$ cat entry_14.txt   # compact mmCIF, C-alpha atoms
# COMPACT_ATOMS: atom_id res chain seq x y z
CA MET R 1 -17.89 -194.79 10.13
CA TYR R 2 -17.78 -190.99 9.90
CA PHE R 3 -17.20 -188.94 13.03
CA PRO R 4 -17.35 -185.18 12.36
CA PHE R 5 -14.72 -183.16 14.18
CA LYS R 6 -17.16 -180.48 15.22
CA ALA R 7 -20.90 -180.92 15.70
CA PRO R 8 -23.38 -178.11 14.99
CA TRP R 9 -23.83 -175.93 18.04
CA GLY R 10 -26.41 -177.39 20.40
CA ALA R 11 -27.08 -180.50 18.31
CA TYR R 12 -25.44 -182.92 20.74
CA TYR R 13 -25.46 -183.40 24.50
CA SER R 14 -22.38 -182.27 26.35
CA ALA R 15 -20.58 -184.79 28.54
CA ARG R 16 -21.71 -182.86 31.59
CA LYS R 17 -25.36 -183.05 30.50
CA LEU R 18 -25.11 -186.77 29.78
CA LYS R 19 -23.75 -187.39 33.26
CA LYS R 20 -26.51 -185.24 34.72
CA LEU R 21 -29.04 -187.44 32.95
CA GLY R 22 -27.50 -190.46 34.68
CA ALA R 23 -25.27 -191.81 31.92
CA ARG R 24 -21.84 -193.30 32.53
CA LEU R 25 -19.20 -192.33 29.99
CA GLY R 26 -15.95 -193.91 28.87
CA GLY R 27 -13.50 -193.03 26.13
CA CYS R 28 -13.79 -190.10 23.76
CA GLY R 29 -15.83 -189.21 20.69
CA ILE R 30 -19.24 -189.87 22.26
CA MET R 31 -21.85 -188.09 20.14
CA VAL R 32 -25.46 -188.19 21.31
CA GLU R 33 -28.08 -186.02 19.66
CA ARG R 34 -30.45 -184.07 21.88
CA THR R 35 -33.36 -185.93 20.31
CA VAL R 36 -32.24 -189.13 22.10
CA LYS R 37 -34.00 -190.26 25.30
CA ILE R 38 -31.58 -191.56 27.91
CA GLY R 39 -32.52 -193.74 30.88
CA ARG R 40 -30.73 -193.92 34.20
CA GLY R 41 -27.56 -195.99 34.29
CA VAL R 42 -26.96 -195.99 30.54
CA SER R 43 -23.30 -196.62 29.63
CA LEU R 44 -21.71 -194.98 26.59
CA PHE R 45 -18.20 -195.78 25.37
CA GLY R 46 -16.64 -193.78 22.58
CA PRO R 47 -16.28 -193.36 19.81
CA CYS R 48 -19.97 -193.88 19.11
CA ILE R 49 -22.91 -192.05 17.53
CA VAL R 50 -26.46 -192.16 18.90
CA SER R 51 -28.94 -190.10 16.90
CA GLY R 52 -32.51 -189.46 15.82
CA LYS R 53 -35.53 -190.69 17.76
CA THR R 54 -33.53 -193.24 19.71
CA GLU R 55 -34.37 -194.37 23.23
CA LEU R 56 -31.69 -195.91 25.43
CA LYS R 57 -33.49 -197.54 28.33
CA SER R 58 -32.03 -197.89 31.80
CA ASN R 59 -28.78 -199.81 32.22
CA SER R 60 -28.36 -200.36 28.49
CA ARG R 61 -24.89 -200.07 26.95
CA VAL R 62 -23.60 -198.67 23.68
CA LEU R 63 -19.98 -199.71 23.27
CA ALA R 64 -17.21 -198.26 21.12
CA PHE R 65 -17.55 -198.05 17.33
CA SER R 66 -21.33 -198.39 17.40
CA ARG R 67 -23.97 -196.39 15.58
CA VAL R 68 -27.56 -196.30 16.84
CA GLU R 69 -30.18 -194.32 14.93
CA ASP R 70 -33.98 -194.09 15.36
CA SER R 71 -33.98 -197.24 17.49
CA VAL R 72 -34.93 -198.54 20.94
CA ILE R 73 -32.30 -200.30 23.05
CA GLY R 74 -34.03 -202.13 25.89
CA ARG R 75 -33.25 -202.26 29.57
CA GLY R 76 -29.93 -204.01 30.20
CA ALA R 77 -29.28 -204.62 26.50
CA SER R 78 -25.91 -203.97 24.85
CA VAL R 79 -24.71 -202.93 21.40
CA SER R 80 -21.06 -203.68 20.69
CA SER R 81 -19.25 -202.29 17.63
CA SER R 82 -22.44 -202.60 15.60
CA THR R 83 -24.97 -200.61 13.59
CA VAL R 84 -28.61 -200.45 14.65
CA VAL R 85 -30.96 -198.38 12.47
CA CYS R 86 -34.77 -198.15 12.74
CA SER R 87 -34.82 -201.26 14.92
CA GLU R 88 -35.62 -202.51 18.42
CA VAL R 89 -33.41 -204.50 20.78
CA GLY R 90 -35.18 -206.16 23.70
CA GLU R 91 -34.33 -206.33 27.37
CA ASN R 92 -31.02 -207.99 28.27
CA SER R 93 -30.20 -208.84 24.66
CA ALA R 94 -26.70 -208.57 23.22
CA VAL R 95 -25.92 -207.28 19.73
CA GLY R 96 -22.48 -207.54 18.17
CA PRO R 97 -19.72 -207.15 17.62
CA TYR R 98 -20.07 -206.24 13.94
CA ALA R 99 -23.79 -206.92 13.61
CA TYR R 100 -26.17 -204.90 11.44
CA LEU R 101 -29.82 -204.37 12.35
CA ARG R 102 -31.89 -202.32 9.94
CA GLY R 103 -35.26 -201.68 8.36
CA GLY R 104 -37.60 -202.74 11.14
CA ALA R 105 -35.56 -205.46 12.83
CA LYS R 106 -37.08 -206.44 16.19
CA VAL R 107 -34.99 -208.46 18.63
CA GLY R 108 -36.81 -209.84 21.66
CA LYS R 109 -35.65 -210.29 25.25
CA ASP R 110 -32.56 -212.33 26.19
CA CYS R 111 -31.46 -212.76 22.58
CA ARG R 112 -27.97 -213.06 21.14
CA VAL R 113 -27.11 -211.47 17.81
CA GLY R 114 -23.44 -212.11 17.17
CA ASP R 115 -20.72 -211.08 14.78
CA PHE R 116 -21.51 -210.49 11.11
CA VAL R 117 -25.23 -211.13 11.52
CA GLU R 118 -27.58 -208.92 9.50
CA ILE R 119 -31.26 -208.66 10.36
CA LYS R 120 -33.69 -206.78 8.12
CA ASN R 121 -37.46 -206.41 8.45
CA SER R 122 -37.58 -209.43 10.75
CA SER R 123 -38.47 -210.31 14.31
CA LEU R 124 -36.47 -212.54 16.65
CA GLY R 125 -38.46 -214.07 19.51
CA ASN R 126 -37.39 -214.07 23.15
CA GLY R 127 -34.36 -216.23 23.89
CA SER R 128 -33.45 -216.84 20.25
CA LYS R 129 -29.90 -216.54 19.00
CA ALA R 130 -27.96 -216.10 15.81
CA ALA R 131 -24.39 -216.24 17.02
CA HIS R 132 -22.48 -215.47 13.83
CA HIS R 133 -22.41 -215.07 10.04
CA ALA R 134 -26.10 -215.14 9.15
CA TYR R 135 -28.60 -213.13 7.11
CA ILE R 136 -32.16 -212.94 8.38
CA GLY R 137 -34.39 -211.05 5.97
CA ASP R 138 -38.19 -210.76 5.95
CA ALA R 139 -38.70 -213.47 8.56
CA GLU R 140 -40.63 -214.04 11.76
CA ILE R 141 -38.57 -216.15 14.15
CA GLY R 142 -40.19 -217.67 17.22
CA MET R 143 -38.87 -218.05 20.77
CA GLY R 144 -35.84 -220.14 21.71
CA VAL R 145 -34.68 -220.66 18.14
CA ASN R 146 -31.06 -221.44 17.31
CA ILE R 147 -29.82 -220.10 13.97
CA GLY R 148 -26.45 -221.60 13.07
CA CYS R 149 -23.43 -220.11 11.36
CA GLY R 150 -23.85 -219.36 7.66
CA VAL R 151 -27.65 -219.52 7.60
CA VAL R 152 -29.26 -217.41 4.87
CA PHE R 153 -32.93 -216.55 4.61
CA ALA R 154 -33.25 -216.27 0.83
CA ASN R 155 -36.05 -213.73 0.68
CA TYR R 156 -35.65 -212.36 -2.86
CA ASP R 157 -36.05 -214.22 -6.14
CA GLY R 158 -35.13 -211.28 -8.34
CA LYS R 159 -38.71 -210.01 -8.59
CA VAL R 160 -40.53 -210.49 -5.29
CA LYS R 161 -39.47 -210.41 -1.64
CA ALA R 162 -41.24 -213.14 0.32
CA ARG R 163 -41.50 -213.92 4.03
CA THR R 164 -40.54 -216.93 6.13
CA THR R 165 -41.96 -217.98 9.50
CA VAL R 166 -40.13 -220.17 12.00
CA GLY R 167 -41.94 -221.61 15.02
CA ASP R 168 -40.72 -221.73 18.61
CA HIS R 169 -37.74 -223.85 19.70
CA CYS R 170 -36.49 -224.76 16.24
CA PHE R 171 -32.90 -225.65 15.48
CA ILE R 172 -31.45 -224.47 12.16
CA GLY R 173 -28.02 -225.96 11.55
CA CYS R 174 -25.01 -224.37 9.92
CA ASN R 175 -24.96 -223.36 6.25
CA CYS R 176 -28.67 -223.76 5.63
CA ASN R 177 -30.61 -221.85 2.99
CA ILE R 178 -34.21 -221.04 3.83
CA VAL R 179 -35.88 -220.19 0.52
CA ALA R 180 -38.97 -218.05 1.07
CA PRO R 181 -41.87 -218.33 1.24
CA VAL R 182 -41.81 -221.28 3.66
CA HIS R 183 -43.06 -222.11 7.14
CA ILE R 184 -40.98 -224.12 9.60
CA GLY R 185 -43.10 -225.57 12.39
CA GLY R 186 -42.28 -225.39 16.07
CA GLY R 187 -39.64 -227.78 17.37
CA ALA R 188 -38.38 -228.68 13.89
CA TYR R 189 -34.72 -229.54 13.32
CA ILE R 190 -33.04 -228.45 10.07
CA ALA R 191 -29.83 -230.41 9.52
CA ALA R 192 -26.63 -228.58 8.55
CA GLY R 193 -26.22 -227.91 4.84
CA THR R 194 -29.92 -228.20 4.05
CA THR R 195 -31.74 -226.04 1.50
CA VAL R 196 -35.36 -225.68 2.59
CA THR R 197 -37.81 -225.04 -0.26
CA GLN R 198 -40.99 -226.55 1.20
CA ASN R 199 -42.84 -226.20 4.48
CA VAL R 200 -41.51 -228.22 7.43
CA ALA R 201 -44.03 -229.61 9.90
CA GLU R 202 -43.73 -229.34 13.67
CA ARG R 203 -40.98 -231.49 15.21
CA GLU R 204 -39.85 -232.79 11.82
CA LEU R 205 -36.23 -233.51 11.03
CA CYS R 206 -35.43 -231.96 7.65
CA ILE R 207 -32.35 -233.07 5.72
CA GLY R 208 -31.90 -231.70 2.20
CA ARG R 209 -28.40 -232.45 0.98
CA ALA R 210 -26.72 -234.94 -1.35
CA ARG R 211 -25.44 -238.12 0.26
CA GLN R 212 -21.65 -238.18 0.58
CA SER R 213 -19.82 -240.63 -1.66
CA ALA R 214 -16.14 -241.44 -2.06
CA ILE R 215 -14.28 -242.64 -5.15
CA LYS R 216 -11.06 -244.51 -4.49
CA ASP R 217 -8.08 -242.62 -5.98
CA GLY R 218 -10.58 -240.20 -7.55
CA ALA R 219 -8.55 -237.20 -6.42
CA GLU R 220 -5.50 -238.25 -8.41
CA GLY R 221 -4.50 -235.55 -10.90
CA ARG R 222 -7.21 -233.13 -9.83
CA TYR R 223 -4.81 -230.83 -7.97
CA LYS R 224 -1.35 -229.75 -9.02
CA ASN R 225 0.17 -231.06 -5.79
CA GLY R 226 -1.97 -234.18 -5.68

$ encode --input "entry_14.txt" --output "structure tokens"
Amino acid sequence: MYFPFKAPWGAYYSARKLKKLGARLGGCGIMVERTVKIGRGVSLFGPCIVSGKTELKSNSRVLAFSRVEDSVIGRGASVSSSTVVCSEVGENSAVGPYAYLRGGAKVGKDCRVGDFVEIKNSSLGNGSKAAHHAYIGDAEIGMGVNIGCGVVFANYDGKVKARTTVGDHCFIGCNCNIVAPVHIGGGAYIAAGTTVTQNVAERELCIGRARQSAIKDGAEGRYKNG
């Protein structure tokens, strides 16, 4: 992340002005453009950059090593060591550390977007969570959905980008591939390791993986130390 040593004159709020607007500051290297709207009780910890047509609503927090540009951070929400560009983060939601929201990502209220999660052109319903290591692209996710570690929404086939919809209160297990375009009905359960290529009905259990088999002594000679 690039932090210029000297900003153009008048382009950024001074620390005194930020405090006057009701912000609480910590650390150094806090850079907030004058185009940013700041609510009462906002907390800013440096180094961080907040720029463009961003709105930080009351009691939201932007923690160190974060970049927020042309985005809305809702009341009580937090962004930790993450990048949020042209996106919205709902009330009391937590983003990061090391998350990336871009290109029209919309995170609802009380959501959790954890480490190494990327969201692009997608919406995440209230109370949904993607705790770590996931890519959510061109998808509409309902409320109360759990997206496990390693889940990938495969939205691009090399020619066309397609969309996926996921209903409310679904569970998507670890290391699943959701190959668009598909619809996953409300309350469905996608077992870990499944590749979804067809629609899943409401409350269905979807398992799409090869059955495990074991061959006695089959590992012999397959590894140099075996």

$ closest_residue --input "entry_14.txt" --among "R:Val42, R:Leu205, R:Ala94, R:Val113" --to "Ser78 (chain R)" --atoms "all atoms listed in the file"
R:Ala94

$ closest_residue --input "entry_14.txt" --among "R:Val95, R:Ala219, R:Ile136, R:Val50" --to "Tyr156 (chain R)" --atoms "only C-alpha atoms"
R:Ile136

$ closest_residue --input "entry_14.txt" --among "R:Asn59, R:Ser93, R:Asn126, R:Ser14" --to "Arg75 (chain R)" --atoms "only C-alpha atoms"
R:Asn59

$ residues_around --input "entry_14.txt" --residues "Arg24 (chain R)" --least-positions-apart "4" --cutoff "9 Å" --atoms "all atoms listed in the file" --output "list in words"
Leu18, Lys19, Gly41, Val42, Ser43, Leu44 and Phe45 of chain R

$ residues_around --input "entry_14.txt" --residues "Ala130 (chain R)" --least-positions-apart "5" --cutoff "8 Å" --atoms "all atoms listed in the file" --output "PyMOL selection string"
chain R and resi 112-114+117+146-149

$ atom_distance --input "entry_14.txt" --atom1 "CA of Arg203 (chain R)" --atom2 "CA of Cys170 (chain R)"
8.2 Å

$ residues_around --input "entry_14.txt" --residues "Asn121 (chain R)" --least-positions-apart "5" --cutoff "7 Å" --atoms "only C-alpha atoms" --output "PyMOL selection string"
chain R and resi 103-105+137-138

$ residues_around --input "entry_14.txt" --residues "Pro47 (chain R)" --least-positions-apart "2" --cutoff "7 Å" --atoms "all atoms listed in the file" --output "list in words"
Gly27, Cys28, Gly29, Ile30, Phe45, Ala64 and Phe65 of chain R

$ write_last_selection --input "entry_14.txt" --atoms "C-alpha atoms" --output "PDB file, in the coordinates of the input"
ATOM      1  CA  GLY R  27     -13.500-193.030  26.130  1.00  0.00           C
ATOM      2  CA  CYS R  28     -13.790-190.100  23.760  1.00  0.00           C
ATOM      3  CA  GLY R  29     -15.830-189.210  20.690  1.00  0.00           C
ATOM      4  CA  ILE R  30     -19.240-189.870  22.260  1.00  0.00           C
ATOM      5  CA  PHE R  45     -18.200-195.780  25.370  1.00  0.00           C
ATOM      6  CA  ALA R  64     -17.210-198.260  21.120  1.00  0.00           C
ATOM      7  CA  PHE R  65     -17.550-198.050  17.330  1.00  0.00           C
TER       8      PHE R  65
END

$ atom_distance --input "entry_14.txt" --atom1 "CA of Asn155 (chain R)" --atom2 "CA of Ala139 (chain R)"
8.3 Å

$ closest_atom_pairs --input "entry_14.txt" --of "region 168-202 of chain R" --to "region 207-211 of chain R" --cutoff "8 Å" --atoms "only C-alpha atoms" --output "Markdown table"
| residue | atom | partner | partner_atom | distance |
| --- | --- | --- | --- | --- |
| R:Ile190 | CA | R:Ile207 | CA | 6.4 |
| R:Ala191 | CA | R:Ile207 | CA | 5.3 |
| R:Ala192 | CA | R:Ile207 | CA | 7.8 |
| R:Gly193 | CA | R:Arg209 | CA | 6.3 |
| R:Thr194 | CA | R:Gly208 | CA | 4.4 |
| R:Thr195 | CA | R:Gly208 | CA | 5.7 |
| R:Val196 | CA | R:Gly208 | CA | 7.0 |

$ write_last_selection --input "entry_14.txt" --atoms "C-alpha atoms" --output "tab-separated table (two decimals), in the coordinates of the input"
chain	number	residue	atom	x	y	z
R	190	ILE	CA	-33.04	-228.45	10.07
R	191	ALA	CA	-29.83	-230.41	9.52
R	192	ALA	CA	-26.63	-228.58	8.55
R	193	GLY	CA	-26.22	-227.91	4.84
R	194	THR	CA	-29.92	-228.20	4.05
R	195	THR	CA	-31.74	-226.04	1.50
R	196	VAL	CA	-35.36	-225.68	2.59

$ closest_residue --input "entry_14.txt" --among "R:Ser51, R:Ser66, R:Thr164, R:Asn177" --to "Cys86 (chain R)" --atoms "only C-alpha atoms"
R:Ser51

$ decode --input "entry_14.txt" --residues "region 71-212 of chain R" --atoms "C-alpha atoms" --output "compact mmCIF listing (two decimals), in the first residue's frame"
# COMPACT_ATOMS: atom_id res chain seq x y z
CA SER R 71 -17.55 3.30 -0.14
CA VAL R 72 -20.05 3.42 2.73
CA ILE R 73 -19.08 1.97 6.11
CA GLY R 74 -22.20 1.54 8.22
CA ARG R 75 -22.89 2.48 11.80
CA GLY R 76 -20.77 0.42 14.19
CA ALA R 77 -19.04 -1.48 11.38
CA SER R 78 -15.28 -2.09 11.29
CA VAL R 79 -12.65 -2.49 8.58
CA SER R 80 -9.43 -4.13 9.73
CA SER R 81 -6.28 -4.20 7.56
CA SER R 82 -8.44 -4.53 4.46
CA THR R 83 -9.30 -2.86 1.16
CA VAL R 84 -12.83 -1.64 0.45
CA VAL R 85 -13.43 0.01 -2.94
CA CYS R 86 -16.80 1.05 -4.43
CA SER R 87 -18.62 -1.09 -1.88
CA GLU R 88 -20.99 -0.94 1.09
CA VAL R 89 -20.54 -2.43 4.55
CA GLY R 90 -23.68 -2.67 6.68
CA GLU R 91 -24.33 -1.79 10.28
CA ASN R 92 -22.27 -3.68 12.89
CA SER R 93 -20.51 -5.81 10.29
CA ALA R 94 -16.83 -6.72 10.51
CA VAL R 95 -14.47 -6.82 7.54
CA GLY R 96 -10.97 -8.24 7.74
CA PRO R 97 -8.23 -8.61 8.39
CA TYR R 98 -6.90 -8.91 4.83
CA ALA R 99 -10.26 -8.92 3.06
CA TYR R 100 -10.92 -7.29 -0.32
CA LEU R 101 -14.28 -5.79 -1.25
CA ARG R 102 -14.57 -4.27 -4.70
CA GLY R 103 -16.75 -3.55 -7.70
CA GLY R 104 -20.14 -3.15 -6.07
CA ALA R 105 -19.84 -5.51 -3.12
CA LYS R 106 -22.69 -5.02 -0.65
CA VAL R 107 -22.39 -6.49 2.83
CA GLY R 108 -25.52 -6.42 4.98
CA LYS R 109 -25.96 -5.89 8.72
CA ASP R 110 -24.23 -8.07 11.33
CA CYS R 111 -22.08 -9.87 8.76
CA ARG R 112 -18.60 -11.30 9.11
CA VAL R 113 -16.13 -11.09 6.24
CA GLY R 114 -12.89 -12.61 7.44
CA ASP R 115 -9.30 -12.98 6.33
CA PHE R 116 -8.48 -13.48 2.65
CA VAL R 117 -12.09 -13.21 1.51
CA GLU R 118 -12.72 -11.37 -1.75
CA ILE R 119 -16.17 -10.12 -2.69
CA LYS R 120 -16.90 -8.65 -6.11
CA ASN R 121 -20.20 -7.45 -7.57
CA SER R 122 -22.09 -9.47 -4.97
CA SER R 123 -24.45 -8.94 -2.06
CA LEU R 124 -24.25 -10.62 1.34
CA GLY R 125 -27.52 -10.71 3.30
CA ASN R 126 -27.90 -9.73 6.93
CA GLY R 127 -26.20 -12.08 9.38
CA SER R 128 -24.27 -14.01 6.73
CA LYS R 129 -20.61 -14.84 7.15
CA ALA R 130 -17.60 -15.86 5.12
CA ALA R 131 -14.96 -16.29 7.78
CA HIS R 132 -11.89 -17.00 5.67
CA HIS R 133 -10.32 -17.88 2.32
CA ALA R 134 -13.25 -17.52 -0.07
CA TYR R 135 -14.06 -15.84 -3.38
CA ILE R 136 -17.59 -14.55 -3.88
CA GLY R 137 -18.07 -13.16 -7.37
CA ASP R 138 -21.30 -12.16 -9.13
CA ALA R 139 -23.55 -13.70 -6.49
CA GLU R 140 -26.59 -12.80 -4.42
CA ILE R 141 -26.32 -14.37 -0.98
CA GLY R 142 -29.34 -14.44 1.31
CA MET R 143 -29.59 -13.90 5.07
CA GLY R 144 -27.94 -16.11 7.67
CA VAL R 145 -25.78 -17.99 5.18
CA ASN R 146 -22.55 -19.70 6.22
CA ILE R 147 -19.83 -19.80 3.57
CA GLY R 148 -17.02 -22.13 4.58
CA CYS R 149 -13.28 -21.91 4.10
CA GLY R 150 -12.06 -22.35 0.54
CA VAL R 151 -15.43 -21.77 -1.16
CA VAL R 152 -15.17 -20.40 -4.70
CA PHE R 153 -18.03 -18.97 -6.73
CA ALA R 154 -16.84 -19.89 -10.22
CA ASN R 155 -18.44 -17.04 -12.13
CA TYR R 156 -16.37 -17.02 -15.34
CA ASP R 157 -16.12 -19.74 -17.97
CA GLY R 158 -13.58 -17.92 -20.13
CA LYS R 159 -16.22 -16.12 -22.19
CA VAL R 160 -19.17 -15.13 -20.01
CA LYS R 161 -19.55 -14.07 -16.38
CA ALA R 162 -22.67 -15.60 -14.86
CA ARG R 163 -24.49 -15.05 -11.57
CA THR R 164 -25.37 -17.33 -8.67
CA THR R 165 -28.17 -16.92 -6.14
CA VAL R 166 -28.17 -18.48 -2.68
CA GLY R 167 -31.30 -18.47 -0.52
CA ASP R 168 -31.59 -17.64 3.16
CA HIS R 169 -30.03 -19.83 5.88
CA CYS R 170 -27.97 -22.05 3.61
CA PHE R 171 -24.82 -23.83 4.73
CA ILE R 172 -21.98 -24.11 2.22
CA GLY R 173 -19.22 -26.36 3.52
CA CYS R 174 -15.48 -26.01 3.08
CA ASN R 175 -13.78 -26.29 -0.32
CA CYS R 176 -16.94 -26.14 -2.40
CA ASN R 177 -17.08 -24.86 -5.98
CA ILE R 178 -20.28 -23.13 -7.00
CA VAL R 179 -20.27 -23.10 -10.81
CA ALA R 180 -22.51 -20.33 -12.14
CA PRO R 181 -25.19 -19.97 -13.22
CA VAL R 182 -26.95 -21.92 -10.44
CA HIS R 183 -29.58 -21.29 -7.78
CA ILE R 184 -29.29 -22.75 -4.28
CA GLY R 185 -32.62 -22.77 -2.48
CA GLY R 186 -33.18 -21.55 1.06
CA GLY R 187 -32.09 -23.85 3.87
CA ALA R 188 -30.00 -26.07 1.58
CA TYR R 189 -26.86 -27.77 2.89
CA ILE R 190 -23.86 -28.16 0.56
CA ALA R 191 -21.46 -30.78 1.91
CA ALA R 192 -17.73 -30.04 2.08
CA GLY R 193 -15.81 -30.71 -1.12
CA THR R 194 -18.86 -30.52 -3.38
CA THR R 195 -18.84 -28.99 -6.86
CA VAL R 196 -22.30 -27.60 -7.59
CA THR R 197 -23.20 -27.46 -11.29
CA GLN R 198 -27.00 -27.75 -11.09
CA ASN R 199 -29.70 -25.99 -9.12
CA VAL R 200 -30.24 -27.15 -5.53
CA ALA R 201 -33.80 -27.13 -4.18
CA GLU R 202 -34.83 -25.71 -0.82
CA ARG R 203 -33.65 -27.73 2.19
CA GLU R 204 -31.83 -30.26 0.02
CA LEU R 205 -28.60 -31.89 1.08
CA CYS R 206 -26.18 -31.73 -1.85
CA ILE R 207 -23.13 -33.99 -1.94
CA GLY R 208 -21.02 -33.96 -5.10
CA ARG R 209 -17.75 -35.75 -4.46
CA ALA R 210 -16.21 -39.14 -5.22
CA ARG R 211 -16.68 -41.80 -2.56
CA GLN R 212 -13.49 -42.50 -0.61
